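Some notes on the structure that comes next.
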Amino acid sequence: MATDWLGSIVSINCGESLGVYQGRVSAVDQVSQTISLTRPFHNGVKCLVPEVTFRAGDITELKILEIPGPGDSRQCGDLPPTEMGIPGVGCQVGPSQNGTGKVLKKPISSSAPQNIPRRTDVKNQDIIISPQQQCSKSYMDRHVETLTQSKGFRRRHNSWSSSSRHPNQVTPKKSGLKNGQMKSKDDECFGDDIDEIPDTDFDFEGNLALFDKAAVFEEIETYERRSGTRSRGTPNEKPARYRHDENILESEPIVYRRIVVPQNANKEFCTDSGLVVPSVSYELHKKLLSVAEKHGLTLERRLEMTGVCASQMALSLLGGPNRLNPKNVHQRPTVALLCGPHVKGAQGISCGRHLSNHDVHVILFLPNFVKMLESITNELNLFSKTQGQQVSSVRDLPDTPVDLVINCLDCHENAFLRDQPWYKAVVDWANQNRAPVLSIDPPINEMEQQGIDAKWSLALGLPLPLGERAGRVYLCDIGIPQKVFQEVGINYHSPFGCKFVIPLHST
């Protein structure tokens, strides 16, 4: 009886570890409890071996996809690959001799029994059987029971052996009854068998694992070596790979010391790129600014350039675009600007004007003096046209912490200002406010006396040998030409690159 099932197309589910196999039955051994499939497919992929054999204990589920008829001339090995890709339940047998056939609408599947009541309707998959190929209920039951005698072969609850009617018998519809009409409508709408729903999802990881990417690339590389399709280098050479920020052209060795000062630098800094920036003395720095002014870089230009660079750095410290945008108009940053009556104070006023133009609330402190420098007067006139606030008393400064304090109180020459009462009061206010401090062009002697501890310091052109109280040192480009550096004896090459303000690190 087992030989009657030879040539049937079946689907065998061996669990998650082995997967699903499909093929045509070539042998069924009842003694050893095995079944063999010829030209099998594993998880939808054709196997490399021509035949596989399964034990009954390894089989979790068996589905009959196609049953050959008596007149089917195909042998067990004649299985076209396209047949295995059709996940059908049922089979189509050849037509009858007289050209007519009967339609058998019977689900053939083998899943675990379920307690859900299912409708037996004629809307299942069709099986066309000729009159000569029609089989009785007992004949079909005998074949199914022969194949499913082992423990591993489980059948569905609604297999042909459990059907109470003949396979070719169609249940007539009730007519004239209200309940029958309602049931017919329900069957038309909801009568699809739940067995048609796939039991398992598609195994993407399992199918992806079947593709050996390394082997394919090795095969392509071997083919290119043999055919000579590579036009650059020898086959054993590996082409050099570059990052997006690396230059593919060969260049000269990098020179990191491009700035040489006439005197030995007391302190040296380096940029993020590794370029060495030496410090200069105050006398050499003063001489550099004097020569630049003689060539046309006037004090007004220098003040404007310093104000732009300092305000740009301050805006970054305040949060940049994350803080200064139209959605945060209710969170305007507040900056306290502390200036003295000298050129350093004029630089701070210029910075405050640019900050106020960028919607920053600026509070400018400048003590009252009988006579002011012309540069301070000009900067105050421009500052008064902004929305910034000017105060001359420490009591008018805010009591609550501000976002940033910009210190421009000290200068290189007038050290006597530190003894003034207003200076000491402002220093005490800044130290008690606990806001971060940015110093613009701080002098060297500030590190030796009491003052305001800065978190950041901004140097102009070339840095001075600042100490630890200056915080982290930044350098800004104020527009001094290269030949002006050469005139004062400095071999100079710009370390700024594409920026106007760069950070410096102590070496």
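The chains in the structure tokens are called A, B, ... from first to last as shown; in each chain the residues are counted from 1, and the ligands are counted from 1 in the order shown.
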
Counting only C-alpha atoms, what is within 7 Å of segment 30-43 of chain A, bar same-chain residues fewer than 6 positions away, as a CSV table (one decimal) with N, CA, C and O atoms, in the first residue's frame?
chain,number,residue,atom,x,y,z
A,19,GLY,N,14.0,22.8,9.3
A,19,GLY,CA,13.3,23.6,8.3
A,19,GLY,C,12.2,22.7,7.6
A,19,GLY,O,11.8,21.7,8.0
A,20,VAL,N,11.8,23.3,6.4
A,20,VAL,CA,10.8,22.6,5.6
A,20,VAL,C,11.4,22.1,4.3
A,20,VAL,O,12.1,22.8,3.7
A,21,TYR,N,11.0,20.9,4.0
A,21,TYR,CA,11.5,20.2,2.7
A,21,TYR,C,10.3,20.0,1.9
A,21,TYR,O,9.2,19.6,2.4
A,22,GLN,N,10.4,20.1,0.6
A,22,GLN,CA,9.4,19.7,-0.4
A,22,GLN,C,10.0,18.9,-1.5
A,22,GLN,O,11.2,19.1,-1.9
A,23,GLY,N,9.2,17.9,-2.0
A,23,GLY,CA,9.7,17.1,-3.1
A,23,GLY,C,8.7,16.0,-3.4
A,23,GLY,O,7.7,15.9,-2.8
A,24,ARG,N,9.1,15.1,-4.3
A,24,ARG,CA,8.3,14.0,-4.8
A,24,ARG,C,8.7,12.8,-4.0
A,24,ARG,O,9.9,12.5,-3.9
A,50,PRO,N,20.5,14.8,-4.7
A,50,PRO,CA,19.3,14.4,-5.5
A,50,PRO,C,18.2,13.8,-4.7
A,50,PRO,O,17.1,13.8,-5.1
A,51,GLU,N,18.5,13.3,-3.5
A,51,GLU,CA,17.5,12.6,-2.7
A,51,GLU,C,17.8,12.8,-1.2
A,51,GLU,O,19.0,12.7,-0.8
A,52,VAL,N,16.8,13.0,-0.4
A,52,VAL,CA,16.9,13.0,1.0
A,52,VAL,C,16.0,12.1,1.7
A,52,VAL,O,14.9,11.8,1.1
A,53,THR,N,16.3,11.5,2.9
A,53,THR,CA,15.5,10.6,3.6
A,53,THR,C,15.2,11.1,5.0
A,53,THR,O,16.2,11.6,5.6
A,54,PHE,N,14.0,11.0,5.4
A,54,PHE,CA,13.6,11.5,6.8
A,54,PHE,C,13.1,10.3,7.6
A,54,PHE,O,12.4,9.4,7.1
A,55,ARG,N,13.4,10.4,8.9
A,55,ARG,CA,12.9,9.4,9.9
A,55,ARG,C,11.6,10.0,10.4
A,55,ARG,O,11.3,11.2,10.4
A,56,ALA,N,10.8,9.1,10.9
A,56,ALA,CA,9.5,9.5,11.4
A,56,ALA,C,9.6,10.4,12.6
A,56,ALA,O,8.8,11.3,12.8
A,76,CYS,N,9.1,9.4,-10.6
A,76,CYS,CA,9.4,10.1,-9.3
A,76,CYS,C,10.5,11.2,-9.5
A,76,CYS,O,10.5,12.1,-8.8
A,77,GLY,N,11.3,11.0,-10.4
A,77,GLY,CA,12.4,12.0,-10.6
A,77,GLY,C,12.0,13.1,-11.5
A,77,GLY,O,12.8,14.0,-11.6
A,150,SER,N,3.0,5.8,11.1
A,150,SER,CA,4.1,6.1,12.0
A,150,SER,C,3.7,7.3,12.9
A,150,SER,O,2.8,8.0,12.6

- DSSP on the backbone: what in segment 298-332 of chain A comes out alpha helix (DSSP H), as a PyMOL selection string? chain A and resi 299-317

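The smallest atom-to-atom distance between Leu460 of chain A and any of A:Cys270, A:Val370, A:Val280, A:Ile490, using only C-alpha atoms, is found for A:Val280.
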
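The coordinates place atom CA of Ser494 of chain A at 8.2 Å from atom CA of Ile259 of chain A.
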
- Query: Taking into account only C-alpha atoms, which residue in the set A:Val308, A:Val276, A:Ile444, A:Leu297 is nearest to Tyr256 of chain A?
  - Reply: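 With only C-alpha atoms as the atom set, the closest residue is A:Val276.
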
- Would you mind listing what lies within 12 Å of Arg301 of chain A as a ChimeraX atom specification, with only C-alpha atoms counted and same-chain residues fewer than 3 positions away left out? /A:289,292-293,296-298,304-308,347,350,375,478-480

Those residues you just picked out, can you put them in a file as an mmCIF file, in the first residue's frame with C-alpha atoms?
data_model
loop_
_atom_site.group_PDB
_atom_site.id
_atom_site.type_symbol
_atom_site.label_atom_id
_atom_site.label_comp_id
_atom_site.auth_asym_id
_atom_site.auth_seq_id
_atom_site.Cartn_x
_atom_site.Cartn_y
_atom_site.Cartn_z
ATOM 1 C CA LEU A 289 50.438 96.499 16.219
ATOM 2 C CA ALA A 292 50.426 97.359 11.254
ATOM 3 C CA GLU A 293 48.820 100.711 12.064
ATOM 4 C CA GLY A 296 46.945 101.179 7.251
ATOM 5 C CA LEU A 297 45.537 98.780 9.857
ATOM 6 C CA THR A 298 44.201 101.606 11.960
ATOM 7 C CA GLU A 304 36.024 96.330 14.627
ATOM 8 C CA MET A 305 37.838 93.097 13.819
ATOM 9 C CA THR A 306 38.347 92.320 17.497
ATOM 10 C CA GLY A 307 34.697 93.035 18.264
ATOM 11 C CA VAL A 308 33.508 90.711 15.475
ATOM 12 C CA GLN A 347 37.350 96.525 22.239
ATOM 13 C CA SER A 350 32.641 96.926 20.101
ATOM 14 C CA SER A 375 37.975 105.475 20.481
ATOM 15 C CA ILE A 478 42.702 90.632 13.412
ATOM 16 C CA GLY A 479 43.877 90.979 9.790
ATOM 17 C CA ILE A 480 47.624 91.659 10.135
#

- Message: Give me, as a ChimeraX atom specification, all polymer residues having an atom no more than 12 Å from Glu283 of chain A, counting only C-alpha atoms and skipping those fewer than 3 positions away in the same chain.
- Response: /A:263,279-280,286-290,412-413,443-444,464,488

Just write the chosen residues, all heavy atoms, as a compact mmCIF listing (two decimals), in the first residue's frame.
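Dumped everything to result-v4.txt:
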# COMPACT_ATOMS: atom_id res chain seq x y z
N GLN A 263 62.92 86.02 19.20
CA GLN A 263 63.39 85.67 20.53
C GLN A 263 62.82 84.32 20.95
O GLN A 263 61.79 83.88 20.41
CB GLN A 263 62.96 86.74 21.55
CG GLN A 263 63.48 88.13 21.22
CD GLN A 263 62.93 89.18 22.16
OE1 GLN A 263 62.11 88.87 23.02
NE2 GLN A 263 63.41 90.41 22.02
N SER A 279 54.48 82.02 21.79
CA SER A 279 54.05 83.27 22.39
C SER A 279 55.11 84.35 22.17
O SER A 279 56.28 84.06 21.91
CB SER A 279 53.81 83.08 23.90
OG SER A 279 55.03 82.70 24.54
N VAL A 280 54.67 85.59 22.27
CA VAL A 280 55.57 86.74 22.09
C VAL A 280 55.48 87.62 23.32
O VAL A 280 54.49 87.58 24.07
CB VAL A 280 55.21 87.54 20.82
CG1 VAL A 280 55.43 86.70 19.57
CG2 VAL A 280 53.76 88.04 20.89
N LYS A 286 53.35 94.82 20.98
CA LYS A 286 53.05 96.26 20.81
C LYS A 286 53.69 96.80 19.55
O LYS A 286 53.08 97.59 18.81
CB LYS A 286 53.53 97.02 22.04
CG LYS A 286 53.21 98.49 22.02
CD LYS A 286 53.69 99.16 23.31
CE LYS A 286 53.39 100.64 23.28
NZ LYS A 286 53.86 101.33 24.52
N LYS A 287 54.92 96.37 19.27
CA LYS A 287 55.60 96.80 18.05
C LYS A 287 54.89 96.29 16.81
O LYS A 287 54.78 97.00 15.80
CB LYS A 287 57.05 96.32 18.08
CG LYS A 287 57.87 96.73 16.87
CD LYS A 287 59.29 96.20 16.99
CE LYS A 287 60.12 96.59 15.78
NZ LYS A 287 61.51 96.06 15.85
N LEU A 288 54.37 95.08 16.86
CA LEU A 288 53.65 94.51 15.72
C LEU A 288 52.39 95.32 15.42
O LEU A 288 52.11 95.63 14.25
CB LEU A 288 53.29 93.05 16.04
CG LEU A 288 52.45 92.30 15.00
CD1 LEU A 288 53.22 92.17 13.69
CD2 LEU A 288 52.05 90.92 15.52
N LEU A 289 51.64 95.70 16.45
CA LEU A 289 50.44 96.50 16.22
C LEU A 289 50.78 97.90 15.71
O LEU A 289 50.04 98.46 14.89
CB LEU A 289 49.62 96.59 17.52
CG LEU A 289 49.08 95.26 18.07
CD1 LEU A 289 48.30 95.52 19.35
CD2 LEU A 289 48.20 94.57 17.05
N SER A 290 51.89 98.45 16.17
CA SER A 290 52.30 99.79 15.73
C SER A 290 52.67 99.78 14.25
O SER A 290 52.29 100.68 13.48
CB SER A 290 53.47 100.28 16.58
OG SER A 290 53.93 101.53 16.13
N HIS A 412 47.49 96.82 29.74
CA HIS A 412 48.89 96.52 29.96
C HIS A 412 49.63 97.66 30.66
O HIS A 412 50.60 97.43 31.37
CB HIS A 412 49.57 96.22 28.62
CG HIS A 412 48.95 95.05 27.90
ND1 HIS A 412 49.26 93.74 28.21
CD2 HIS A 412 48.04 95.00 26.88
CE1 HIS A 412 48.57 92.93 27.40
NE2 HIS A 412 47.83 93.67 26.60
N GLU A 413 49.19 98.89 30.47
CA GLU A 413 49.94 100.03 31.00
C GLU A 413 49.39 100.50 32.34
O GLU A 413 50.11 100.64 33.33
CB GLU A 413 49.93 101.20 30.01
CG GLU A 413 50.69 100.91 28.72
CD GLU A 413 49.79 100.26 27.67
OE1 GLU A 413 48.59 100.07 27.96
OE2 GLU A 413 50.29 99.90 26.59
N PRO A 443 46.16 91.11 30.00
CA PRO A 443 47.59 91.39 30.16
C PRO A 443 48.27 90.30 30.96
O PRO A 443 47.64 89.48 31.62
CB PRO A 443 47.61 92.73 30.91
CG PRO A 443 46.33 92.74 31.69
CD PRO A 443 45.33 91.99 30.85
N ILE A 444 49.60 90.32 30.91
CA ILE A 444 50.36 89.29 31.62
C ILE A 444 50.34 89.55 33.12
O ILE A 444 50.26 88.63 33.93
CB ILE A 444 51.81 89.26 31.10
CG1 ILE A 444 51.81 89.03 29.60
CG2 ILE A 444 52.60 88.17 31.79
CD1 ILE A 444 53.19 89.11 28.97
N LEU A 464 50.18 86.05 24.12
CA LEU A 464 51.16 86.40 25.14
C LEU A 464 51.37 85.18 26.05
O LEU A 464 50.52 84.28 26.08
CB LEU A 464 50.67 87.60 25.96
CG LEU A 464 50.41 88.89 25.18
CD1 LEU A 464 49.83 89.95 26.11
CD2 LEU A 464 51.68 89.39 24.53
N VAL A 488 58.75 92.95 11.41
CA VAL A 488 59.17 92.97 12.81
C VAL A 488 60.03 91.76 13.16
O VAL A 488 60.34 91.54 14.35
CB VAL A 488 57.96 93.04 13.74
CG1 VAL A 488 57.19 94.35 13.53
CG2 VAL A 488 57.05 91.84 13.55
